[in-house]
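These notes concern the structure reproduced below.
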Amino acid sequence: MDPTATDPRRVLVAYHSADGQTAKIAERIADRLRQNRIAVELLEVAHAPEPHGFDAVVVGDSIHAGHHSRALTRWLAHHGEAIGRTPFALFQVSLASATDDAVHAAEAHHYLQQLLGATRVHPDIVGLFGGALAYTRYGWLKRRLMRSIAQRSGGPTDTGADHEFTDWGAVDHFSDDVARLIEVWHAADRSG
């Protein structure tokens with residue numbers, strides 16, 4: 001962060017969270033950016049304003065049933081042009097990113113490419129984070145479905161507990177990269 005700047009940079013962190021893990025990750029990103037003296041407006045995408053007037057935009061979404069949420073997809077498509085004029089970071093939360101192998105990495109990238117193709121946005125930074133199996137927060141049907149999916153992929157099947165797969169060090173690294181991107185982007189604006 002530029003120590004001569006009088007006003008902190010303003011960043012919009014907008015997210016959609018179905019079961020809470022994406023919200024938890026968005027909060028961690030917002031806290032880390034604040035540690036870098038960046039003012040953050042953290043909002044569920046349904047309440048997110050136009051991205052005009054922000055020095056950067058960070059968005060996050062989780063994968064459910066093989067897709068990103070309609071809410072975040074629509075918001076990105078609607079505001080893509082404005083987002084393209086500022087530093088832009090995107091994070092995706094999925095169980096595919098919870099397993100470190102080529103098959104799951106390809107699956108996570110497939111979800112990302114679907115979103116980018118549907119919205120025509122081009123993030124400067126992308127974070128792919130493992131999510132969670134929140135068995136204790138699911139209803140009966142979803143708990144059975146998620147247990148079946150976990151069983152097929154070798155994941156945890158104990159439905160009496162929640163299982164978190166998020167690499168918080170990777171989330172912090174992503175957040176620090178966003179802070180550096182903002183600094184570099186705006187330093188170039190001042191010199192250009």
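Labels used: A, B, ... for chains in the order of the structure tokens, numbers from 1 for residues in each chain, and numbers from 1 for ligands as shown.
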Where does segment 82-119 of chain A meet segment 71-75 of chain A within 10 Å, residue by residue, with the nearest atom pair and distance in Å to one decimal for each, counting only C-alpha atoms, listed by chain and rising number, as a tab-separated table?
```
residue	atom	partner	partner_atom	distance
A:Leu115	CA	A:Thr73	CA	6.9
A:Leu116	CA	A:Thr73	CA	9.1
A:Ala118	CA	A:Thr73	CA	7.5
A:Thr119	CA	A:Thr73	CA	6.5
```
Would you return as a VMD selection string the members of segment 85-133 of chain A that DSSP assigns to helix (DSSP H, G or I) on this structure's backbone?
chain A and resid 96 to 98 102 to 119
Go ahead and write the residues just picked, all heavy atoms, as a compact mmCIF listing (two decimals), in the first residue's frame.
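What ended up in again18.txt:
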```txt
# COMPACT_ATOMS: atom_id res chain seq x y z
N ALA A 96 -14.08 -30.29 -5.73
CA ALA A 96 -13.07 -30.70 -6.72
C ALA A 96 -11.69 -30.14 -6.34
O ALA A 96 -10.68 -30.80 -6.56
CB ALA A 96 -13.46 -30.23 -8.11
N SER A 97 -11.66 -28.95 -5.78
CA SER A 97 -10.38 -28.35 -5.38
C SER A 97 -9.89 -28.86 -4.04
O SER A 97 -8.82 -28.47 -3.58
CB SER A 97 -10.51 -26.82 -5.34
OG SER A 97 -10.71 -26.32 -6.64
N ALA A 98 -10.65 -29.73 -3.40
CA ALA A 98 -10.24 -30.30 -2.12
C ALA A 98 -9.26 -31.45 -2.30
O ALA A 98 -8.58 -31.83 -1.36
CB ALA A 98 -11.47 -30.77 -1.33
N ALA A 102 -4.75 -34.54 -10.81
CA ALA A 102 -5.02 -33.98 -12.14
C ALA A 102 -6.50 -34.04 -12.52
O ALA A 102 -7.02 -33.10 -13.12
CB ALA A 102 -4.17 -34.71 -13.19
N VAL A 103 -7.18 -35.11 -12.16
CA VAL A 103 -8.59 -35.25 -12.53
C VAL A 103 -9.43 -34.18 -11.85
O VAL A 103 -10.25 -33.51 -12.49
CB VAL A 103 -9.11 -36.66 -12.17
CG1 VAL A 103 -10.62 -36.76 -12.34
CG2 VAL A 103 -8.42 -37.71 -13.02
N HIS A 104 -9.23 -33.99 -10.54
CA HIS A 104 -10.01 -32.99 -9.81
C HIS A 104 -9.61 -31.57 -10.20
O HIS A 104 -10.47 -30.68 -10.27
CB HIS A 104 -9.88 -33.21 -8.30
CG HIS A 104 -10.62 -34.43 -7.84
ND1 HIS A 104 -10.02 -35.65 -7.71
CD2 HIS A 104 -11.92 -34.60 -7.51
CE1 HIS A 104 -10.91 -36.54 -7.32
NE2 HIS A 104 -12.08 -35.92 -7.19
N ALA A 105 -8.33 -31.34 -10.48
CA ALA A 105 -7.89 -30.02 -10.94
C ALA A 105 -8.56 -29.67 -12.27
O ALA A 105 -9.02 -28.54 -12.47
CB ALA A 105 -6.37 -29.97 -11.07
N ALA A 106 -8.64 -30.65 -13.16
CA ALA A 106 -9.29 -30.42 -14.46
C ALA A 106 -10.78 -30.12 -14.27
O ALA A 106 -11.34 -29.25 -14.94
CB ALA A 106 -9.11 -31.63 -15.37
N GLU A 107 -11.40 -30.81 -13.33
CA GLU A 107 -12.82 -30.57 -13.05
C GLU A 107 -13.03 -29.14 -12.52
O GLU A 107 -13.93 -28.43 -12.97
CB GLU A 107 -13.32 -31.59 -12.02
CG GLU A 107 -14.78 -31.46 -11.68
CD GLU A 107 -15.22 -32.48 -10.62
OE1 GLU A 107 -14.45 -33.42 -10.30
OE2 GLU A 107 -16.34 -32.33 -10.14
N ALA A 108 -12.18 -28.71 -11.59
CA ALA A 108 -12.29 -27.35 -11.03
C ALA A 108 -12.08 -26.31 -12.12
O ALA A 108 -12.80 -25.31 -12.19
CB ALA A 108 -11.29 -27.16 -9.90
N HIS A 109 -11.11 -26.53 -13.00
CA HIS A 109 -10.86 -25.59 -14.10
C HIS A 109 -12.02 -25.58 -15.11
O HIS A 109 -12.33 -24.54 -15.68
CB HIS A 109 -9.53 -25.90 -14.79
CG HIS A 109 -8.37 -25.37 -14.04
ND1 HIS A 109 -7.70 -26.09 -13.08
CD2 HIS A 109 -7.77 -24.15 -14.08
CE1 HIS A 109 -6.73 -25.36 -12.56
NE2 HIS A 109 -6.76 -24.18 -13.15
N HIS A 110 -12.65 -26.73 -15.28
CA HIS A 110 -13.82 -26.79 -16.17
C HIS A 110 -14.94 -25.89 -15.65
O HIS A 110 -15.56 -25.13 -16.41
CB HIS A 110 -14.31 -28.24 -16.30
CG HIS A 110 -15.60 -28.38 -17.02
ND1 HIS A 110 -15.72 -28.20 -18.39
CD2 HIS A 110 -16.85 -28.64 -16.57
CE1 HIS A 110 -16.98 -28.35 -18.74
NE2 HIS A 110 -17.68 -28.63 -17.66
N TYR A 111 -15.21 -25.96 -14.34
CA TYR A 111 -16.23 -25.09 -13.75
C TYR A 111 -15.87 -23.61 -13.95
O TYR A 111 -16.73 -22.80 -14.29
CB TYR A 111 -16.37 -25.35 -12.25
CG TYR A 111 -16.81 -26.75 -11.89
CD1 TYR A 111 -16.27 -27.39 -10.77
CD2 TYR A 111 -17.78 -27.43 -12.63
CE1 TYR A 111 -16.68 -28.66 -10.41
CE2 TYR A 111 -18.18 -28.71 -12.27
CZ TYR A 111 -17.63 -29.31 -11.16
OH TYR A 111 -18.02 -30.57 -10.81
N LEU A 112 -14.61 -23.30 -13.76
CA LEU A 112 -14.14 -21.92 -13.94
C LEU A 112 -14.35 -21.47 -15.38
O LEU A 112 -14.87 -20.38 -15.64
CB LEU A 112 -12.68 -21.80 -13.54
CG LEU A 112 -12.02 -20.45 -13.79
CD1 LEU A 112 -12.66 -19.37 -12.92
CD2 LEU A 112 -10.52 -20.54 -13.53
N GLN A 113 -13.96 -22.30 -16.33
CA GLN A 113 -14.10 -21.94 -17.75
C GLN A 113 -15.55 -21.77 -18.15
O GLN A 113 -15.88 -20.90 -18.96
CB GLN A 113 -13.40 -22.98 -18.64
CG GLN A 113 -11.89 -22.98 -18.50
CD GLN A 113 -11.28 -21.60 -18.67
OE1 GLN A 113 -11.62 -20.86 -19.60
NE2 GLN A 113 -10.39 -21.23 -17.76
N GLN A 114 -16.45 -22.58 -17.58
CA GLN A 114 -17.88 -22.40 -17.84
C GLN A 114 -18.33 -21.01 -17.40
O GLN A 114 -19.06 -20.34 -18.13
CB GLN A 114 -18.70 -23.45 -17.08
CG GLN A 114 -18.73 -24.80 -17.72
CD GLN A 114 -19.63 -25.75 -16.94
OE1 GLN A 114 -19.66 -25.76 -15.71
NE2 GLN A 114 -20.37 -26.57 -17.66
N LEU A 115 -17.92 -20.60 -16.21
CA LEU A 115 -18.31 -19.29 -15.69
C LEU A 115 -17.72 -18.17 -16.54
O LEU A 115 -18.43 -17.22 -16.92
CB LEU A 115 -17.85 -19.12 -14.24
CG LEU A 115 -18.15 -17.76 -13.61
CD1 LEU A 115 -19.66 -17.57 -13.45
CD2 LEU A 115 -17.44 -17.62 -12.28
N LEU A 116 -16.45 -18.26 -16.88
CA LEU A 116 -15.81 -17.21 -17.67
C LEU A 116 -16.44 -17.14 -19.06
O LEU A 116 -16.64 -16.04 -19.60
CB LEU A 116 -14.31 -17.46 -17.77
CG LEU A 116 -13.55 -17.48 -16.43
CD1 LEU A 116 -12.06 -17.68 -16.67
CD2 LEU A 116 -13.80 -16.23 -15.61
N GLY A 117 -16.78 -18.27 -19.64
CA GLY A 117 -17.43 -18.27 -20.95
C GLY A 117 -18.82 -17.67 -20.91
O GLY A 117 -19.23 -16.94 -21.82
N ALA A 118 -19.55 -17.94 -19.84
CA ALA A 118 -20.92 -17.43 -19.72
C ALA A 118 -20.97 -15.94 -19.42
O ALA A 118 -21.93 -15.26 -19.78
CB ALA A 118 -21.67 -18.20 -18.63
N THR A 119 -19.94 -15.43 -18.77
CA THR A 119 -19.96 -14.03 -18.33
C THR A 119 -19.01 -13.13 -19.11
O THR A 119 -19.13 -11.91 -19.04
CB THR A 119 -19.59 -13.94 -16.84
OG1 THR A 119 -18.28 -14.48 -16.64
CG2 THR A 119 -20.61 -14.68 -15.97
```
Sorted by chain and rising residue number, list the residues of segment 67-98 of chain A at most 8 Å from segment 123-128 of chain A (counting only C-alpha atoms), each with its closest atom pair and distance in Å to one decimal, as CSV.
```
residue,atom,partner,partner_atom,distance
A:Pro87,CA,A:Asp124,CA,6.6
A:Phe88,CA,A:Pro123,CA,5.1
A:Ala89,CA,A:Ile125,CA,4.6
A:Leu90,CA,A:Val126,CA,5.0
A:Phe91,CA,A:Gly127,CA,4.4
A:Gln92,CA,A:Leu128,CA,5.0
A:Val93,CA,A:Leu128,CA,6.1
A:Ser94,CA,A:Leu128,CA,7.7
A:Ser97,CA,A:Leu128,CA,6.2
```
Neighbouring residues of Arg180 of chain A were defined as those with any atom within 12 Å, considering only C-alpha atoms; residues of the same chain fewer than 6 positions away were excluded. Please report them as a PyMOL selection string.
chain A and resi 1-2+9+33+36-38+56+87+89+124-125+173-174+186-187
